[in-house]
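*Asks:* File my_file.csv below, CSV, C-alpha atoms:
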```csv
chain,number,residue,atom,x,y,z
A,28,MET,CA,22.0,91.5,147.9
A,29,LYS,CA,18.6,92.9,147.1
A,30,ILE,CA,16.3,92.9,144.1
A,31,ARG,CA,14.4,96.1,143.3
A,32,GLU,CA,12.7,98.0,140.5
A,33,TYR,CA,15.1,100.3,138.6
A,34,LYS,CA,15.3,104.0,139.1
A,35,GLN,CA,16.3,106.6,136.6
A,36,GLN,CA,19.7,107.0,138.1
A,37,ASP,CA,20.4,103.3,137.5
A,38,ILE,CA,20.2,103.6,133.7
A,39,PRO,CA,24.0,104.2,133.2
A,40,SER,CA,24.7,101.0,135.2
A,41,ILE,CA,22.0,99.2,133.2
A,42,ILE,CA,23.4,100.2,129.9
A,43,GLY,CA,26.8,99.1,131.2
A,44,LEU,CA,25.5,95.6,131.9
A,45,ILE,CA,23.8,95.5,128.5
A,46,LYS,CA,27.1,96.2,126.9
A,47,GLU,CA,28.7,93.5,129.1
A,48,LEU,CA,26.1,91.1,127.9
A,49,ALA,CA,26.7,92.0,124.3
A,50,ASP,CA,30.5,91.3,124.9
A,51,PHE,CA,29.6,87.9,126.4
A,52,GLU,CA,27.3,87.2,123.4
A,53,LYS,CA,30.2,88.1,121.0
A,54,ALA,CA,28.3,91.0,119.5
A,55,PRO,CA,29.5,94.3,121.2
A,56,GLU,CA,29.1,96.2,117.9
A,57,LYS,CA,25.4,95.6,117.9
A,58,VAL,CA,24.6,97.7,120.9
A,59,THR,CA,23.6,101.1,119.5
A,60,ASN,CA,21.5,102.1,122.5
A,61,SER,CA,22.7,104.7,125.1
A,62,ALA,CA,21.8,105.8,128.5
A,63,GLU,CA,20.4,109.0,127.0
A,64,ARG,CA,18.1,107.1,124.7
A,65,MET,CA,17.0,104.8,127.5
A,66,LEU,CA,16.1,107.9,129.6
A,67,LYS,CA,14.0,109.2,126.8
A,68,GLU,CA,12.3,105.9,126.1
A,69,GLN,CA,11.6,104.7,129.7
A,70,LYS,CA,7.9,104.2,129.0
A,71,TYR,CA,8.8,101.2,126.7
A,72,PHE,CA,10.5,99.0,129.3
A,73,GLU,CA,10.7,98.0,132.9
A,74,CYS,CA,13.7,96.5,134.8
A,75,PHE,CA,14.6,94.8,138.0
A,76,VAL,CA,18.1,95.3,139.3
A,77,ALA,CA,20.1,93.2,141.7
A,78,GLU,CA,22.3,95.2,144.0
A,79,ASN,CA,25.2,94.0,146.1
A,80,SER,CA,25.8,95.1,149.7
A,81,ASP,CA,27.8,98.1,148.4
A,82,GLY,CA,24.9,99.3,146.3
A,83,GLU,CA,26.6,98.2,143.0
A,84,ILE,CA,24.2,96.9,140.4
A,85,ILE,CA,25.3,93.4,139.6
A,86,GLY,CA,22.4,92.0,137.6
A,87,ILE,CA,19.4,93.1,135.6
A,88,ALA,CA,16.1,91.7,134.2
A,89,LEU,CA,14.8,94.1,131.6
A,90,TYR,CA,11.4,93.4,130.2
A,91,PHE,CA,8.4,94.9,128.3
A,92,PHE,CA,4.9,93.9,127.5
A,93,ALA,CA,3.9,92.7,124.1
A,94,TYR,CA,0.8,91.4,122.4
A,95,PHE,CA,1.0,88.1,120.5
A,96,THR,CA,-2.1,87.4,118.4
A,97,TRP,CA,-2.2,83.7,119.1
A,98,VAL,CA,-2.2,84.1,122.9
A,99,GLY,CA,-2.8,87.8,123.9
A,100,LYS,CA,-0.9,89.9,126.4
A,101,SER,CA,2.6,88.7,127.1
A,102,LEU,CA,5.7,89.7,128.9
A,103,TYR,CA,9.0,89.6,126.9
A,104,LEU,CA,12.2,89.3,129.0
A,105,ASP,CA,14.8,91.1,126.8
A,106,ASP,CA,17.8,90.8,129.0
A,107,LEU,CA,18.7,88.7,132.0
A,108,TYR,CA,22.3,89.3,133.0
A,109,ILE,CA,24.4,88.7,136.1
A,110,LYS,CA,28.0,89.9,136.4
A,111,PRO,CA,30.3,86.8,136.1
A,112,ASN,CA,31.7,87.1,139.7
A,113,TYR,CA,28.1,86.8,141.1
A,114,ARG,CA,26.9,83.9,139.0
A,115,GLY,CA,26.0,80.7,140.8
A,116,SER,CA,24.6,82.5,143.8
A,117,LYS,CA,20.9,82.3,142.8
A,118,ILE,CA,20.7,86.0,141.7
A,119,GLY,CA,19.4,84.9,138.2
A,120,SER,CA,16.7,82.7,139.8
A,121,LYS,CA,15.6,85.6,142.1
A,122,LEU,CA,15.4,88.0,139.1
A,123,LEU,CA,13.6,85.5,137.0
A,124,ASN,CA,11.2,84.9,139.9
A,125,LYS,CA,10.4,88.6,139.9
A,126,ILE,CA,9.6,88.4,136.2
A,127,PHE,CA,7.3,85.5,136.8
A,128,GLU,CA,5.5,87.4,139.6
A,129,VAL,CA,4.9,90.4,137.2
A,130,ALA,CA,3.7,88.1,134.4
A,131,LYS,CA,1.2,86.5,136.8
A,132,LYS,CA,0.1,89.8,138.4
A,133,GLU,CA,-0.4,91.3,134.9
A,134,ASN,CA,-2.4,88.3,133.7
A,135,CYS,CA,0.1,87.6,130.9
A,136,GLN,CA,-0.7,84.6,128.7
A,137,ARG,CA,2.9,84.1,127.7
A,138,LEU,CA,6.4,84.8,129.1
A,139,ARG,CA,9.0,84.7,126.4
A,140,TRP,CA,12.7,85.3,126.0
A,141,GLN,CA,15.6,84.2,123.7
A,142,VAL,CA,18.8,82.3,124.4
A,143,LEU,CA,21.7,81.8,122.0
A,144,ASP,CA,22.0,78.2,120.9
A,145,TRP,CA,25.6,78.0,122.1
A,146,ASN,CA,24.9,79.3,125.6
A,147,GLU,CA,24.6,75.8,127.2
A,148,PRO,CA,24.7,77.0,130.9
A,149,ALA,CA,21.7,79.3,130.2
A,150,ILE,CA,19.9,76.7,128.2
A,151,GLU,CA,20.3,74.1,131.0
A,152,PHE,CA,19.1,76.7,133.6
A,153,TYR,CA,16.0,77.5,131.6
A,154,LYS,CA,15.2,73.8,131.0
A,155,LYS,CA,15.6,73.2,134.7
A,156,CYS,CA,13.1,76.1,135.3
A,157,GLY,CA,10.6,74.3,133.0
A,158,ALA,CA,10.9,76.5,129.9
A,159,THR,CA,10.0,75.2,126.5
A,160,LEU,CA,12.8,75.8,124.0
A,161,ASP,CA,11.6,76.2,120.3
A,162,SER,CA,14.1,75.6,117.5
A,163,GLU,CA,11.6,76.1,114.7
A,164,TRP,CA,11.2,79.9,114.7
A,165,ILE,CA,13.8,82.2,113.2
A,166,ASN,CA,14.2,85.8,114.2
A,167,CYS,CA,13.6,88.4,111.5
A,168,ASP,CA,15.3,91.7,112.4
A,169,PHE,CA,15.7,95.1,110.7
A,170,THR,CA,18.0,97.8,112.1
A,171,ALA,CA,17.1,101.5,111.8
A,172,ASP,CA,19.2,101.6,108.6
A,173,GLY,CA,17.4,98.5,107.3
A,174,ILE,CA,14.1,100.1,108.0
A,175,ASP,CA,15.2,103.2,106.0
A,176,LYS,CA,16.4,101.1,103.1
A,177,PHE,CA,13.2,99.2,103.0
A,178,ILE,CA,11.0,102.3,103.0
A,179,ASN,CA,13.2,104.2,100.5
A,180,GLY,CA,13.5,101.2,98.2
```
So, in terms of structure tokens, how does the structure I just supplied come out?

*Replies:*
Amino acid sequence: MKIREYKQQDIPSIIGLIKELADFEKAPEKVTNSAERMLKEQKYFECFVAENSDGEIIGIALYFFAYFTWVGKSLYLDDLYIKPNYRGSKIGSKLLNKIFEVAKKENCQRLRWQVLDWNEPAIEFYKKCGATLDSEWINCDFTADGIDKFING
């Protein structure tokens, strides 16, 4: 198994894992992204992939940089996902370690991600890593349709 930065040709596999993650999170209908869109929008994200010995991508850590006014430059980990058959073999820890290395190298003042409140294995893993879990803040999201509706009244 090896961890490396993604390449353009990995994008179909990455979107496949994103869809697997959405299935796991019980929200497959919410994935509207596509490999084609990701190819066009590559400047907005970075990604590490975990490959097995056959060259199959079995895990991802997709992230981007953000700016939070209270702290400054930050790294936002959007997706950390490992195929079920490979869980428990430290791949998630290795991917997360790469994310921490990038955050440190880039002088980020915060590293942030989200976890669903029912995903107990992930919550326990993140607590074990030393993450602070905040139950006060609520996400406020608008889809593209919601943006249009807001603009057009």

*Asks:* When distances are computed from all atoms listed in the file, which of A:Ile126, A:Ile87, A:Ile41, A:Ala49 shows the smallest separation from A:Met65?

*Replies:* A:Ile41

*Asks:* Residues of stretch 33-126 of chain A within 10 Å of stretch 143-161 of chain A: nearest atom pair and distance (Å, one decimal) for each, counting all atoms listed in the file, sorted by chain and number, as a tab-separated table?

*Replies:*
```
residue	atom	partner	partner_atom	distance
A:Phe51	CA	A:Asn146	CA	9.8
A:Glu52	CA	A:Leu143	CA	7.9
A:Gly119	CA	A:Phe152	CA	9.4
A:Ser120	CA	A:Cys156	CA	8.8
A:Leu123	CA	A:Cys156	CA	9.6
```

*Asks:* For A:Val98, which of A:Glu63, A:Gln69, A:Gly115, A:Arg137 is the closest residue, counting all atoms listed in the file?

*Replies:*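 Closest residue, counting all atoms listed in the file: A:Arg137.
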
*Asks:* Compare A:Leu102, A:Met28, A:Ile38, A:Val58 by their minimum atom-to-atom distance to A:Ser80, counting all atoms listed in the file, and give me the closest one.

*Replies:*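 Among A:Leu102, A:Met28, A:Ile38, A:Val58, it is A:Met28 that comes nearest to A:Ser80.
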
*Asks:* Skipping near chain neighbours, those fewer than 3 positions away, what residues fall within 10 Å of stretch 164-179 of chain A using only C-alpha atoms, listed as a PyMOL selection string?

*Replies:* chain A and resi 57+59+141+161

*Asks:* Between atom CA of A:Asn79 and atom CA of A:Pro39, what is the spacing in Å?

*Replies:* 16.5 Å

*Asks:* What does the distance between atom CA of A:Ile85 and atom CA of A:Cys135 come to in Å, to one decimal place?

*Replies:*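 Computing it gives 27.3 Å between the two atoms.
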
*Asks:* Which value, in Å to one decimal, gives the distance between atom CA of A:Tyr71 and atom CA of A:Tyr94?

*Replies:*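 Atom CA of A:Tyr71 sits 13.4 Å away from atom CA of A:Tyr94.
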
*Asks:* Would you mind telling me which residue in A:Arg139, A:Lys46, A:Lys117, A:Lys29 lies nearest to A:Leu104 when using all atoms listed in the file?

*Replies:* A:Arg139

*Asks:* Can you tell me which residues surround A:Glu78 at a distance of at most 12 Å, considering only C-alpha atoms, apart from same-chain residues fewer than 4 positions away, and format the answer as an mmCIF file with C-alpha atoms, in the coordinates of the input?

*Replies:*
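Final output, out09.cif:
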```
data_model
loop_
_atom_site.group_PDB
_atom_site.id
_atom_site.type_symbol
_atom_site.label_atom_id
_atom_site.label_comp_id
_atom_site.auth_asym_id
_atom_site.auth_seq_id
_atom_site.Cartn_x
_atom_site.Cartn_y
_atom_site.Cartn_z
ATOM 1 C CA MET A 28 22.000 91.500 147.900
ATOM 2 C CA LYS A 29 18.600 92.900 147.100
ATOM 3 C CA ILE A 30 16.300 92.900 144.100
ATOM 4 C CA ARG A 31 14.400 96.100 143.300
ATOM 5 C CA GLU A 32 12.700 98.000 140.500
ATOM 6 C CA TYR A 33 15.100 100.300 138.600
ATOM 7 C CA ASP A 37 20.400 103.300 137.500
ATOM 8 C CA SER A 40 24.700 101.000 135.200
ATOM 9 C CA ILE A 41 22.000 99.200 133.200
ATOM 10 C CA GLY A 82 24.900 99.300 146.300
ATOM 11 C CA GLU A 83 26.600 98.200 143.000
ATOM 12 C CA ILE A 84 24.200 96.900 140.400
ATOM 13 C CA ILE A 85 25.300 93.400 139.600
ATOM 14 C CA GLY A 86 22.400 92.000 137.600
ATOM 15 C CA ILE A 87 19.400 93.100 135.600
ATOM 16 C CA ILE A 109 24.400 88.700 136.100
ATOM 17 C CA LYS A 110 28.000 89.900 136.400
ATOM 18 C CA TYR A 113 28.100 86.800 141.100
ATOM 19 C CA ILE A 118 20.700 86.000 141.700
ATOM 20 C CA LYS A 121 15.600 85.600 142.100
ATOM 21 C CA LEU A 122 15.400 88.000 139.100
#
```

*Asks:* Rank A:Phe75, A:Trp97, A:Phe127, A:Tyr108 by their smallest atom-to-atom distance to A:Gly43, using only C-alpha atoms, and report the top residue only.

*Replies:*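 Among the listed residues, A:Tyr108 lies closest to A:Gly43.
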
*Asks:* For a quick check of understanding, using all atoms listed in the file, which of A:Asn134, A:Ser162, A:Gln35, A:Asn124 has the smallest distance to A:Ala62?

*Replies:*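 Between A:Asn134, A:Ser162, A:Gln35, A:Asn124, the residue approaching A:Ala62 most closely is A:Gln35.
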